[in-house]
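Have a look at work20.cif below; it lists mmCIF, C-alpha atoms.
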```cif
data_my_file
#
loop_
_atom_site.label_atom_id
_atom_site.label_comp_id
_atom_site.auth_asym_id
_atom_site.auth_seq_id
_atom_site.Cartn_x
_atom_site.Cartn_y
_atom_site.Cartn_z
CA MET A 1 -291.63 -45.32 102.56
CA LYS A 2 -290.09 -48.52 101.24
CA ILE A 3 -291.63 -49.45 97.91
CA GLY A 4 -293.19 -52.90 98.02
CA THR A 5 -293.28 -53.21 101.82
CA GLU A 6 -294.62 -49.85 103.05
CA THR A 7 -296.19 -48.57 99.83
CA GLY A 8 -297.41 -49.96 96.55
CA SER A 9 -296.89 -46.62 94.84
CA LEU A 10 -293.60 -45.46 93.34
CA VAL A 11 -294.88 -41.86 93.51
CA ASN A 12 -295.68 -42.13 97.26
CA GLY A 13 -292.24 -43.65 97.88
CA ILE A 14 -290.42 -40.85 96.09
CA LEU A 15 -292.48 -38.00 97.54
CA THR A 16 -292.05 -39.12 101.16
CA ASP A 17 -288.35 -40.00 100.92
CA LYS A 18 -286.89 -37.14 103.00
CA MET A 19 -288.03 -34.08 104.92
CA GLN A 20 -288.97 -31.47 102.32
CA ILE A 21 -289.58 -28.26 104.32
CA ILE A 22 -290.04 -27.18 107.92
CA PRO A 23 -293.70 -27.62 108.93
CA GLU A 24 -295.82 -24.72 110.16
CA ILE A 25 -299.38 -24.58 111.47
CA GLY A 26 -301.83 -24.01 108.61
CA MET A 27 -299.55 -25.53 105.99
CA GLY A 28 -300.93 -28.21 103.67
CA ALA A 29 -299.88 -31.84 104.00
CA THR A 30 -300.47 -35.15 102.26
CA ILE A 31 -300.74 -38.47 104.09
CA CYS A 32 -299.51 -41.32 101.89
CA HIS A 33 -300.99 -44.77 102.39
CA TRP A 34 -300.23 -47.91 100.35
CA SER A 35 -301.29 -46.22 97.09
CA ASP A 36 -303.91 -43.63 98.13
CA ARG A 37 -303.16 -40.10 99.35
CA ILE A 38 -305.22 -37.95 101.74
CA ALA A 39 -305.03 -34.15 101.89
CA GLY A 40 -304.81 -32.40 105.23
CA THR A 41 -303.66 -29.36 107.17
CA ILE A 42 -301.01 -29.09 109.87
CA ILE A 43 -302.81 -28.06 113.06
CA GLU A 44 -300.01 -28.57 115.61
CA VAL A 45 -296.22 -28.47 115.62
CA LYS A 46 -294.80 -29.70 118.93
CA LYS A 47 -291.19 -28.86 119.78
CA ASP A 48 -288.95 -30.03 122.62
CA LYS A 49 -287.04 -27.76 125.02
CA ASN A 50 -284.27 -27.39 122.41
CA LYS A 51 -286.85 -26.18 119.85
CA LEU A 52 -286.46 -29.33 117.78
CA ILE A 53 -289.67 -30.69 116.30
CA LYS A 54 -290.95 -33.74 118.19
CA PHE A 55 -294.14 -34.33 116.23
CA ILE A 56 -296.81 -32.69 114.10
CA THR A 57 -300.55 -33.23 113.96
CA ILE A 58 -302.35 -33.36 110.61
CA GLN A 59 -306.12 -32.92 110.30
CA VAL A 60 -307.81 -34.37 107.22
CA ASP A 61 -309.39 -31.77 104.91
CA ASN A 62 -312.64 -31.95 102.99
CA ALA A 63 -311.64 -32.96 99.47
CA ILE A 64 -314.31 -32.57 96.79
CA ARG A 65 -313.54 -34.01 93.39
CA THR A 66 -314.07 -31.38 90.69
CA ASP A 67 -313.17 -33.23 87.48
CA SER A 68 -315.42 -35.49 85.44
CA ASN A 69 -312.84 -38.16 84.61
CA GLY A 70 -314.55 -41.04 86.40
CA MET A 71 -312.40 -43.92 87.65
CA SER A 72 -309.13 -42.57 86.27
CA GLU A 73 -305.61 -41.62 87.29
CA SER A 74 -306.38 -37.98 86.46
CA GLN A 75 -308.12 -36.56 89.54
CA VAL A 76 -308.65 -32.91 90.50
CA TYR A 77 -309.86 -31.87 93.95
CA GLU A 78 -310.89 -28.72 95.80
CA TYR A 79 -309.82 -28.58 99.46
CA THR A 80 -311.36 -26.89 102.47
CA PRO A 81 -310.43 -27.30 106.16
CA ASP A 82 -312.53 -29.69 108.21
CA SER A 83 -312.51 -28.85 111.92
CA ASP A 84 -314.09 -32.26 112.58
CA GLY A 85 -311.65 -34.16 110.36
CA MET A 86 -309.69 -37.14 111.59
CA THR A 87 -306.24 -36.34 112.99
CA TYR A 88 -302.93 -38.13 112.52
CA ILE A 89 -299.69 -37.63 114.47
CA PHE A 90 -296.37 -37.93 112.65
CA LYS A 91 -292.87 -37.98 114.15
CA LEU A 92 -289.71 -36.94 112.36
CA ARG A 93 -287.32 -39.87 112.18
CA LYS A 94 -283.54 -39.57 112.24
CA ASP A 95 -283.40 -40.44 108.54
CA GLY A 96 -285.45 -37.30 107.74
CA THR A 97 -288.75 -39.04 106.99
CA TRP A 98 -292.08 -38.53 108.75
CA LYS A 99 -293.83 -41.62 110.14
CA ARG A 100 -296.84 -42.50 112.24
CA SER A 101 -296.35 -44.93 115.10
CA ASN A 102 -297.19 -48.52 114.15
CA SER A 103 -297.89 -47.53 110.55
CA ALA A 104 -296.10 -47.44 107.22
CA ASP A 105 -297.87 -44.18 106.28
CA GLY A 106 -295.61 -41.43 104.97
CA LEU A 107 -296.08 -37.67 104.78
CA ILE A 108 -295.53 -34.88 102.29
CA ILE A 109 -295.35 -31.40 103.82
CA GLY A 110 -296.34 -28.22 102.05
CA THR A 111 -298.87 -29.53 99.54
CA ARG A 112 -302.28 -31.18 99.45
CA ILE A 113 -302.70 -34.12 97.06
CA GLN A 114 -305.83 -36.21 97.31
CA TYR A 115 -305.73 -39.40 95.24
CA TYR A 116 -307.84 -42.54 95.20
CA ASP A 117 -306.37 -45.62 93.52
CA TYR A 118 -309.26 -47.36 91.76
CA SER A 119 -307.18 -50.43 90.93
CA PHE A 120 -307.71 -51.91 94.43
#
```

Please lay out the structure from this file as structure tokens.
Amino acid sequence: MKIGTETGSLVNGILTDKMQIIPEIGMGATICHWSDRIAGTIIEVKKDKNKLIKFITIQVDNAIRTDSNGMSESQVYEYTPDSDGMTYIFKLRKDGTWKRSNSADGLIIGTRIQYYDYSF
């Protein structure tokens, strides 16, 4: 994600810079928007005939906030799978980053990080 044009968050820009690990079904993932982050689970890994990853599908998890910090930067969440959650498809680009078609959203693989930016 390019800071200032695809994201307003330095953290999101750094975390989505390059492919971190090889995705597997059931693994956690974080979808990075302008400054918010949404936790999800990898539910599909599609490979081509050469066994190279073509795309992955992320399903949004239920994220329940468990802290009592109010409208703050310090946010703690508990995650559970949501079989009815919205799905997003990400493709691996040649530069090693994951992107959605027609979107600036980035992706972190291997961890769930829910975050709501109250400054917007």

Take the point (-307.4, -32.5, 109.7) as written in the file and pick out every residue within 10 Å of it, counting all atoms listed in the file; give the list as a count of residues only. 23

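Residues in contact with region 63-78 of chain A at up to 7 Å, not including ones fewer than 3 positions away on its chain and judged by only C-alpha atoms, are Gln114, Tyr115 and Tyr118 of chain A.
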
When you count all atoms listed in the file, which of these residues is closest to Ile25 (chain A): A:Gly110, A:Lys54, A:Val45, A:Lys91? A:Val45

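Interatomic distance, CA of Arg112 (chain A) against CA of Thr30 (chain A): 5.2 Å.
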
Protein and nucleic acid residues near (-289.4, -25.3, 106.0) (cut-off 12 Å, only C-alpha atoms) as a list of chain:residue names: A:Met19, A:Gln20, A:Ile21, A:Ile22, A:Pro23, A:Glu24, A:Ile25, A:Met27, A:Ile53, A:Ile108, A:Ile109, A:Gly110

Computed gap from CA of Lys51 (chain A) to CA of Cys32 (chain A) is 26.7 Å

To one decimal place, how far is CA of Trp34 (chain A) from CA of Lys46 (chain A) in Å? 26.6 Å

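Shortest separation to Tyr79 (chain A) among A:Arg93, A:Ala104, A:Lys49, A:Thr111 occurs at residue A:Thr111, atoms counted being all atoms listed in the file.
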
Selected residue of minimal separation from Ile113 (chain A) among A:Gly26, A:Asn50, A:Ser101, A:Arg37, counting only C-alpha atoms: A:Arg37

Quick one: 4 Å padding each side, axis-aligned, all listed atoms of region 84-99 of chain A - centre and edge lengths in Å to one decimal, as JSON?
```
{"center_x": -298.7, "center_y": -36.9, "center_z": 110.7, "size_x": 38.7, "size_y": 17.4, "size_z": 15.5}
```

Here's the selection I'm unsure about, the PyMOL selection byres ((chain A and resi 98) around 10); applied to the file above, which residues does it give, as a ChimeraX atom specification? /A:1,16-19,31,55-56,89-97,99-101,104-109

Keeping C-alpha atoms, export the residues of the selection given above as an mmCIF file, in the coordinates of the input.
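Saved result, part.cif, follows:
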```
data_model
loop_
_atom_site.group_PDB
_atom_site.id
_atom_site.type_symbol
_atom_site.label_atom_id
_atom_site.label_comp_id
_atom_site.auth_asym_id
_atom_site.auth_seq_id
_atom_site.Cartn_x
_atom_site.Cartn_y
_atom_site.Cartn_z
ATOM 1 C CA MET A 1 -291.630 -45.320 102.560
ATOM 2 C CA THR A 16 -292.050 -39.120 101.160
ATOM 3 C CA ASP A 17 -288.350 -40.000 100.920
ATOM 4 C CA LYS A 18 -286.890 -37.140 103.000
ATOM 5 C CA MET A 19 -288.030 -34.080 104.920
ATOM 6 C CA ILE A 31 -300.740 -38.470 104.090
ATOM 7 C CA PHE A 55 -294.140 -34.330 116.230
ATOM 8 C CA ILE A 56 -296.810 -32.690 114.100
ATOM 9 C CA ILE A 89 -299.690 -37.630 114.470
ATOM 10 C CA PHE A 90 -296.370 -37.930 112.650
ATOM 11 C CA LYS A 91 -292.870 -37.980 114.150
ATOM 12 C CA LEU A 92 -289.710 -36.940 112.360
ATOM 13 C CA ARG A 93 -287.320 -39.870 112.180
ATOM 14 C CA LYS A 94 -283.540 -39.570 112.240
ATOM 15 C CA ASP A 95 -283.400 -40.440 108.540
ATOM 16 C CA GLY A 96 -285.450 -37.300 107.740
ATOM 17 C CA THR A 97 -288.750 -39.040 106.990
ATOM 18 C CA LYS A 99 -293.830 -41.620 110.140
ATOM 19 C CA ARG A 100 -296.840 -42.500 112.240
ATOM 20 C CA SER A 101 -296.350 -44.930 115.100
ATOM 21 C CA ALA A 104 -296.100 -47.440 107.220
ATOM 22 C CA ASP A 105 -297.870 -44.180 106.280
ATOM 23 C CA GLY A 106 -295.610 -41.430 104.970
ATOM 24 C CA LEU A 107 -296.080 -37.670 104.780
ATOM 25 C CA ILE A 108 -295.530 -34.880 102.290
ATOM 26 C CA ILE A 109 -295.350 -31.400 103.820
#
```
